[in-house]
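Everything below belongs to upload-v4.pdb, which stores PDB, C-alpha atoms.
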ATOM      1  CA  MET A   1     -19.729 276.187  12.506  1.00  0.00           C
ATOM      2  CA  SER A   2     -20.465 279.658  11.225  1.00  0.00           C
ATOM      3  CA  LEU A   3     -20.860 282.452  13.732  1.00  0.00           C
ATOM      4  CA  PRO A   4     -24.610 282.912  12.985  1.00  0.00           C
ATOM      5  CA  GLU A   5     -25.223 279.169  13.541  1.00  0.00           C
ATOM      6  CA  GLN A   6     -23.247 279.277  16.794  1.00  0.00           C
ATOM      7  CA  GLN A   7     -25.266 282.270  17.960  1.00  0.00           C
ATOM      8  CA  LEU A   8     -28.522 280.551  16.971  1.00  0.00           C
ATOM      9  CA  ARG A   9     -27.510 277.433  18.907  1.00  0.00           C
ATOM     10  CA  ASP A  10     -26.597 279.520  21.949  1.00  0.00           C
ATOM     11  CA  ARG A  11     -29.994 281.251  21.810  1.00  0.00           C
ATOM     12  CA  LEU A  12     -31.743 277.859  21.609  1.00  0.00           C
ATOM     13  CA  VAL A  13     -29.800 276.565  24.596  1.00  0.00           C
ATOM     14  CA  ALA A  14     -30.887 279.717  26.455  1.00  0.00           C
ATOM     15  CA  GLY A  15     -34.528 278.820  25.678  1.00  0.00           C
ATOM     16  CA  GLU A  16     -35.247 281.729  23.338  1.00  0.00           C
ATOM     17  CA  GLU A  17     -38.447 280.937  21.411  1.00  0.00           C
ATOM     18  CA  ALA A  18     -37.566 283.421  18.673  1.00  0.00           C
ATOM     19  CA  ALA A  19     -34.470 281.327  17.963  1.00  0.00           C
ATOM     20  CA  LEU A  20     -36.639 278.271  17.329  1.00  0.00           C
ATOM     21  CA  ALA A  21     -38.844 280.295  14.978  1.00  0.00           C
ATOM     22  CA  GLU A  22     -35.764 281.523  13.142  1.00  0.00           C
ATOM     23  CA  LEU A  23     -34.352 278.009  12.932  1.00  0.00           C
ATOM     24  CA  TYR A  24     -37.634 276.733  11.542  1.00  0.00           C
ATOM     25  CA  ASP A  25     -37.848 279.551   8.984  1.00  0.00           C
ATOM     26  CA  VAL A  26     -34.341 278.770   7.734  1.00  0.00           C
ATOM     27  CA  PHE A  27     -34.303 274.970   7.878  1.00  0.00           C
ATOM     28  CA  GLY A  28     -37.969 273.914   8.013  1.00  0.00           C
ATOM     29  CA  PRO A  29     -38.396 273.681   4.227  1.00  0.00           C
ATOM     30  CA  VAL A  30     -35.213 271.591   3.857  1.00  0.00           C
ATOM     31  CA  VAL A  31     -36.268 269.188   6.608  1.00  0.00           C
ATOM     32  CA  TYR A  32     -39.791 268.906   5.191  1.00  0.00           C
ATOM     33  CA  ARG A  33     -38.590 268.229   1.610  1.00  0.00           C
ATOM     34  CA  LEU A  34     -36.222 265.520   2.830  1.00  0.00           C
ATOM     35  CA  ALA A  35     -38.942 263.886   4.929  1.00  0.00           C
ATOM     36  CA  LEU A  36     -41.362 264.077   2.011  1.00  0.00           C
ATOM     37  CA  ARG A  37     -38.830 262.513  -0.355  1.00  0.00           C
ATOM     38  CA  VAL A  38     -38.369 259.563   2.014  1.00  0.00           C
ATOM     39  CA  THR A  39     -41.973 259.047   3.149  1.00  0.00           C
ATOM     40  CA  ARG A  40     -43.768 260.169  -0.018  1.00  0.00           C
ATOM     41  CA  ASP A  41     -46.575 261.265   2.304  1.00  0.00           C
ATOM     42  CA  TRP A  42     -47.141 264.954   3.024  1.00  0.00           C
ATOM     43  CA  ALA A  43     -48.791 264.353   6.413  1.00  0.00           C
ATOM     44  CA  ALA A  44     -45.958 262.073   7.504  1.00  0.00           C
ATOM     45  CA  ALA A  45     -43.424 264.644   6.298  1.00  0.00           C
ATOM     46  CA  GLU A  46     -45.172 267.293   8.389  1.00  0.00           C
ATOM     47  CA  ASP A  47     -45.082 264.995  11.432  1.00  0.00           C
ATOM     48  CA  VAL A  48     -41.396 264.212  10.909  1.00  0.00           C
ATOM     49  CA  THR A  49     -40.609 267.911  10.544  1.00  0.00           C
ATOM     50  CA  GLN A  50     -42.459 268.681  13.746  1.00  0.00           C
ATOM     51  CA  GLU A  51     -40.663 265.865  15.593  1.00  0.00           C
ATOM     52  CA  VAL A  52     -37.281 267.202  14.506  1.00  0.00           C
ATOM     53  CA  PHE A  53     -37.944 270.745  15.667  1.00  0.00           C
ATOM     54  CA  VAL A  54     -39.571 269.643  18.936  1.00  0.00           C
ATOM     55  CA  TYR A  55     -36.475 267.537  19.606  1.00  0.00           C
ATOM     56  CA  VAL A  56     -34.227 270.528  18.877  1.00  0.00           C
ATOM     57  CA  TRP A  57     -36.299 272.695  21.212  1.00  0.00           C
ATOM     58  CA  ARG A  58     -36.104 270.135  24.016  1.00  0.00           C
ATOM     59  CA  HIS A  59     -32.450 269.172  23.484  1.00  0.00           C
ATOM     60  CA  PRO A  60     -30.601 272.056  21.771  1.00  0.00           C
ATOM     61  CA  SER A  61     -27.326 271.240  23.486  1.00  0.00           C
ATOM     62  CA  ARG A  62     -27.221 267.828  21.783  1.00  0.00           C
ATOM     63  CA  PHE A  63     -25.978 269.564  18.655  1.00  0.00           C
ATOM     64  CA  ASP A  64     -22.181 269.464  18.686  1.00  0.00           C
ATOM     65  CA  PRO A  65     -20.740 272.164  16.419  1.00  0.00           C
ATOM     66  CA  ASP A  66     -17.379 270.373  16.407  1.00  0.00           C
ATOM     67  CA  ARG A  67     -18.944 267.367  14.662  1.00  0.00           C
ATOM     68  CA  GLY A  68     -20.691 269.156  11.805  1.00  0.00           C
ATOM     69  CA  VAL A  69     -23.014 271.876  10.621  1.00  0.00           C
ATOM     70  CA  LEU A  70     -26.504 272.516  11.925  1.00  0.00           C
ATOM     71  CA  ARG A  71     -28.197 271.797   8.589  1.00  0.00           C
ATOM     72  CA  SER A  72     -26.605 268.355   8.364  1.00  0.00           C
ATOM     73  CA  TRP A  73     -27.580 267.499  11.929  1.00  0.00           C
ATOM     74  CA  LEU A  74     -31.195 268.443  11.235  1.00  0.00           C
ATOM     75  CA  CYS A  75     -31.237 266.473   7.976  1.00  0.00           C
ATOM     76  CA  VAL A  76     -29.800 263.360   9.611  1.00  0.00           C
ATOM     77  CA  MET A  77     -32.507 263.505  12.278  1.00  0.00           C
ATOM     78  CA  ALA A  78     -35.195 264.042   9.628  1.00  0.00           C
ATOM     79  CA  TYR A  79     -33.909 261.179   7.488  1.00  0.00           C
ATOM     80  CA  ARG A  80     -33.784 258.743  10.407  1.00  0.00           C
ATOM     81  CA  ARG A  81     -37.265 259.658  11.585  1.00  0.00           C
ATOM     82  CA  ALA A  82     -38.658 259.422   8.058  1.00  0.00           C
ATOM     83  CA  VAL A  83     -37.119 255.972   7.546  1.00  0.00           C
ATOM     84  CA  ASP A  84     -38.577 254.881  10.873  1.00  0.00           C
ATOM     85  CA  TRP A  85     -41.994 256.118   9.725  1.00  0.00           C
ATOM     86  CA  VAL A  86     -41.715 254.123   6.488  1.00  0.00           C
ATOM     87  CA  ARG A  87     -40.739 250.986   8.401  1.00  0.00           C
ATOM     88  CA  ARG A  88     -43.665 251.398  10.810  1.00  0.00           C
ATOM     89  CA  GLU A  89     -46.044 251.969   7.889  1.00  0.00           C
ATOM     90  CA  VAL A  90     -44.873 248.829   6.074  1.00  0.00           C
ATOM     91  CA  ARG A  91     -45.204 246.789   9.259  1.00  0.00           C
ATOM     92  CA  ARG A  92     -48.662 248.246   9.944  1.00  0.00           C
ATOM     93  CA  ARG A  93     -49.859 247.405   6.434  1.00  0.00           C
ATOM     94  CA  ARG A  94     -48.570 243.860   6.678  1.00  0.00           C
ATOM     95  CA  GLU A  95     -50.277 243.364  10.026  1.00  0.00           C
ATOM     96  CA  ARG A  96     -53.630 244.527   8.598  1.00  0.00           C
ATOM     97  CA  VAL A  97     -53.566 241.734   6.034  1.00  0.00           C
ATOM     98  CA  ALA A  98     -54.389 238.308   7.420  1.00  0.00           C
ATOM     99  CA  PRO A  99     -51.511 235.849   6.914  1.00  0.00           C
ATOM    100  CA  ASP A 100     -53.562 233.624   4.618  1.00  0.00           C
ATOM    101  CA  GLU A 101     -54.529 236.669   2.509  1.00  0.00           C
ATOM    102  CA  TRP A 102     -50.985 237.957   2.152  1.00  0.00           C
ATOM    103  CA  ASP A 103     -49.756 237.362  -1.378  1.00  0.00           C
ATOM    104  CA  PRO A 104     -46.131 238.411  -1.694  1.00  0.00           C
ATOM    105  CA  ALA A 105     -46.224 238.024  -5.485  1.00  0.00           C
ATOM    106  CA  PRO A 106     -46.471 241.396  -7.235  1.00  0.00           C
ATOM    107  CA  LEU A 107     -49.294 242.155  -9.599  1.00  0.00           C
ATOM    108  CA  PRO A 108     -48.500 241.893 -13.339  1.00  0.00           C
ATOM    109  CA  GLY A 109     -48.377 245.679 -13.723  1.00  0.00           C
ATOM    110  CA  GLU A 110     -46.016 245.949 -10.778  1.00  0.00           C
ATOM    111  CA  GLN A 111     -43.794 243.282 -12.320  1.00  0.00           C
ATOM    112  CA  ALA A 112     -43.582 245.234 -15.569  1.00  0.00           C
ATOM    113  CA  ILE A 113     -42.698 248.470 -13.782  1.00  0.00           C
ATOM    114  CA  THR A 114     -40.163 246.705 -11.571  1.00  0.00           C
ATOM    115  CA  SER A 115     -38.528 245.066 -14.572  1.00  0.00           C
ATOM    116  CA  TRP A 116     -38.391 248.399 -16.406  1.00  0.00           C
ATOM    117  CA  VAL A 117     -36.818 250.148 -13.399  1.00  0.00           C
ATOM    118  CA  HIS A 118     -34.289 247.337 -12.901  1.00  0.00           C
ATOM    119  CA  GLU A 119     -33.297 247.562 -16.562  1.00  0.00           C
ATOM    120  CA  LEU A 120     -32.878 251.351 -16.354  1.00  0.00           C
ATOM    121  CA  ILE A 121     -30.706 250.989 -13.261  1.00  0.00           C
ATOM    122  CA  ARG A 122     -28.645 248.168 -14.793  1.00  0.00           C
ATOM    123  CA  ARG A 123     -27.971 250.232 -17.942  1.00  0.00           C
ATOM    124  CA  ALA A 124     -27.120 253.312 -15.906  1.00  0.00           C
ATOM    125  CA  VAL A 125     -24.675 251.372 -13.713  1.00  0.00           C
ATOM    126  CA  ASP A 126     -23.144 249.649 -16.748  1.00  0.00           C
ATOM    127  CA  GLY A 127     -22.575 253.102 -18.283  1.00  0.00           C
ATOM    128  CA  LEU A 128     -20.444 254.305 -15.375  1.00  0.00           C
ATOM    129  CA  PRO A 129     -16.660 254.467 -15.697  1.00  0.00           C
ATOM    130  CA  VAL A 130     -15.194 251.140 -14.569  1.00  0.00           C
ATOM    131  CA  GLU A 131     -13.772 252.493 -11.276  1.00  0.00           C
ATOM    132  CA  GLN A 132     -17.115 253.991 -10.255  1.00  0.00           C
ATOM    133  CA  ARG A 133     -19.066 250.982 -11.513  1.00  0.00           C
ATOM    134  CA  ASN A 134     -16.988 248.551  -9.427  1.00  0.00           C
ATOM    135  CA  ALA A 135     -17.371 250.680  -6.290  1.00  0.00           C
ATOM    136  CA  VAL A 136     -21.126 251.139  -6.771  1.00  0.00           C
ATOM    137  CA  ARG A 137     -21.695 247.436  -7.406  1.00  0.00           C
ATOM    138  CA  LEU A 138     -19.789 246.455  -4.285  1.00  0.00           C
ATOM    139  CA  ALA A 139     -21.549 248.989  -2.090  1.00  0.00           C
ATOM    140  CA  TYR A 140     -25.100 248.847  -3.380  1.00  0.00           C
ATOM    141  CA  PHE A 141     -25.481 245.391  -4.865  1.00  0.00           C
ATOM    142  CA  GLU A 142     -23.250 243.414  -2.514  1.00  0.00           C
ATOM    143  CA  GLY A 143     -23.838 245.440   0.650  1.00  0.00           C
ATOM    144  CA  HIS A 144     -20.262 246.546   1.350  1.00  0.00           C
ATOM    145  CA  THR A 145     -19.458 249.608   3.426  1.00  0.00           C
ATOM    146  CA  PHE A 146     -17.219 252.255   1.890  1.00  0.00           C
ATOM    147  CA  ARG A 147     -14.376 250.862   4.029  1.00  0.00           C
ATOM    148  CA  SER A 148     -14.840 247.339   2.728  1.00  0.00           C
ATOM    149  CA  VAL A 149     -15.154 248.729  -0.822  1.00  0.00           C
ATOM    150  CA  ALA A 150     -11.763 250.385  -0.315  1.00  0.00           C
ATOM    151  CA  THR A 151     -10.280 247.137   0.995  1.00  0.00           C
ATOM    152  CA  ALA A 152     -11.782 245.018  -1.790  1.00  0.00           C
ATOM    153  CA  LEU A 153     -10.517 247.383  -4.487  1.00  0.00           C
ATOM    154  CA  GLY A 154      -7.182 248.041  -2.773  1.00  0.00           C
ATOM    155  CA  ILE A 155      -7.696 251.806  -2.708  1.00  0.00           C
ATOM    156  CA  PRO A 156      -7.723 254.445   0.059  1.00  0.00           C
ATOM    157  CA  GLU A 157     -11.040 255.030   1.838  1.00  0.00           C
ATOM    158  CA  GLY A 158     -11.212 258.608   0.559  1.00  0.00           C
ATOM    159  CA  THR A 159     -10.884 257.358  -3.009  1.00  0.00           C
ATOM    160  CA  ALA A 160     -13.662 254.825  -2.421  1.00  0.00           C
ATOM    161  CA  LYS A 161     -15.901 257.592  -1.060  1.00  0.00           C
ATOM    162  CA  SER A 162     -15.114 259.817  -4.036  1.00  0.00           C
ATOM    163  CA  ARG A 163     -15.854 257.074  -6.541  1.00  0.00           C
ATOM    164  CA  LEU A 164     -19.134 256.231  -4.826  1.00  0.00           C
ATOM    165  CA  ARG A 165     -20.167 259.880  -4.617  1.00  0.00           C
ATOM    166  CA  ALA A 166     -19.311 260.531  -8.275  1.00  0.00           C
ATOM    167  CA  GLY A 167     -21.008 257.318  -9.399  1.00  0.00           C
ATOM    168  CA  LEU A 168     -24.175 258.087  -7.442  1.00  0.00           C
ATOM    169  CA  ALA A 169     -24.283 261.638  -8.791  1.00  0.00           C
ATOM    170  CA  THR A 170     -24.048 260.308 -12.331  1.00  0.00           C
ATOM    171  CA  LEU A 171     -26.717 257.682 -11.638  1.00  0.00           C
ATOM    172  CA  ARG A 172     -29.019 260.289 -10.086  1.00  0.00           C
ATOM    173  CA  ARG A 173     -28.656 262.501 -13.152  1.00  0.00           C
ATOM    174  CA  ARG A 174     -29.116 259.668 -15.669  1.00  0.00           C
ATOM    175  CA  LEU A 175     -32.078 258.124 -13.871  1.00  0.00           C
ATOM    176  CA  GLY A 176     -33.628 261.573 -13.473  1.00  0.00           C
ATOM    177  CA  GLU A 177     -33.394 261.997 -17.239  1.00  0.00           C
ATOM    178  CA  GLU A 178     -35.333 258.720 -17.540  1.00  0.00           C
ATOM    179  CA  GLY A 179     -38.071 260.064 -15.283  1.00  0.00           C
ATOM    180  CA  LEU A 180     -37.159 258.285 -12.066  1.00  0.00           C
ATOM    181  CA  PRO A 181     -37.106 260.424  -8.895  1.00  0.00           C
TER     182      PRO A 181
END

Would it be possible to restate this file's structure as structure tokens?
Amino acid sequence: MSLPEQQLRDRLVAGEEAALAELYDVFGPVVYRLALRVTRDWAAAEDVTQEVFVYVWRHPSRFDPDRGVLRSWLCVMAYRRAVDWVRREVRRRRERVAPDEWDPAPLPGEQAITSWVHELIRRAVDGLPVEQRNAVRLAYFEGHTFRSVATALGIPEGTAKSRLRAGLATLRRRLGEEGLP
């Protein structure tokens, strides 16, 4: 951990409100953007951001500088809370619809968009170098962890992680060029 982050953490543990304000000024926009990207709802992203910083204020000593950097810790908390919000929202929407009214079949327009997106993703994955393509398919289409990808391909775990990271970066760039977020 950098010295300024260590000092900021120490000030939070001491209960210094100015430290929380400083933390929010530095990391609030990052946490909010991540929450917004996951929830796609500005109010939910604001709530998630608030939850993260309230948690930090109440439990500043839970951050372990030996396990990572402050920014990553905040982003992991934001991501988990945002995913939880999405899950609750999906469940809430399903519960509002009476079981006999629930039609799981997508509308024709949704089918067309889904087919288009699937085709874009398929082409992007097919365009990856073979090593990256095999790793990405195992991890994201067959549900393997990076460890089981490494085992299945007979490669070290670090190599599996590198191939997945490189493949995902390429996919993100290519799909972004196609207009997908």

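For the choices A:Leu12, A:Arg71, A:Ala18, A:Trp85, the atom-to-atom distance to Asp47 in chain A is smallest for A:Trp85 when using only C-alpha atoms.
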
May I ask for the distance between CA of Val52 in chain A and CA of Val31 in chain A, given in Å to one decimal place?
8.2 Å

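Going from CA of Gly167 in chain A to CA of Gln132 in chain A covers 5.2 Å.
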
Could you check the closest approach to Leu128 in chain A for each of A:Arg37, A:Arg88, A:Arg93, A:Arg163 and tell me which residue wins, using all atoms listed in the file?
A:Arg163

Might you spell out which residues the PyMOL selection byres ((chain A and resi 23) around 10) would select in the displayed file, as a PyMOL selection string?
chain A and resi 5+8-9+12+17-22+24-28+53+56+70-71

Selection file, C-alpha atoms, as a PDB file, in the coordinates of the input:
ATOM      1  CA  GLU A   5     -25.223 279.169  13.541  1.00  0.00           C
ATOM      2  CA  LEU A   8     -28.522 280.551  16.971  1.00  0.00           C
ATOM      3  CA  ARG A   9     -27.510 277.433  18.907  1.00  0.00           C
ATOM      4  CA  LEU A  12     -31.743 277.859  21.609  1.00  0.00           C
ATOM      5  CA  GLU A  17     -38.447 280.937  21.411  1.00  0.00           C
ATOM      6  CA  ALA A  18     -37.566 283.421  18.673  1.00  0.00           C
ATOM      7  CA  ALA A  19     -34.470 281.327  17.963  1.00  0.00           C
ATOM      8  CA  LEU A  20     -36.639 278.271  17.329  1.00  0.00           C
ATOM      9  CA  ALA A  21     -38.844 280.295  14.978  1.00  0.00           C
ATOM     10  CA  GLU A  22     -35.764 281.523  13.142  1.00  0.00           C
ATOM     11  CA  TYR A  24     -37.634 276.733  11.542  1.00  0.00           C
ATOM     12  CA  ASP A  25     -37.848 279.551   8.984  1.00  0.00           C
ATOM     13  CA  VAL A  26     -34.341 278.770   7.734  1.00  0.00           C
ATOM     14  CA  PHE A  27     -34.303 274.970   7.878  1.00  0.00           C
ATOM     15  CA  GLY A  28     -37.969 273.914   8.013  1.00  0.00           C
ATOM     16  CA  PHE A  53     -37.944 270.745  15.667  1.00  0.00           C
ATOM     17  CA  VAL A  56     -34.227 270.528  18.877  1.00  0.00           C
ATOM     18  CA  LEU A  70     -26.504 272.516  11.925  1.00  0.00           C
ATOM     19  CA  ARG A  71     -28.197 271.797   8.589  1.00  0.00           C
TER      20      ARG A  71
END
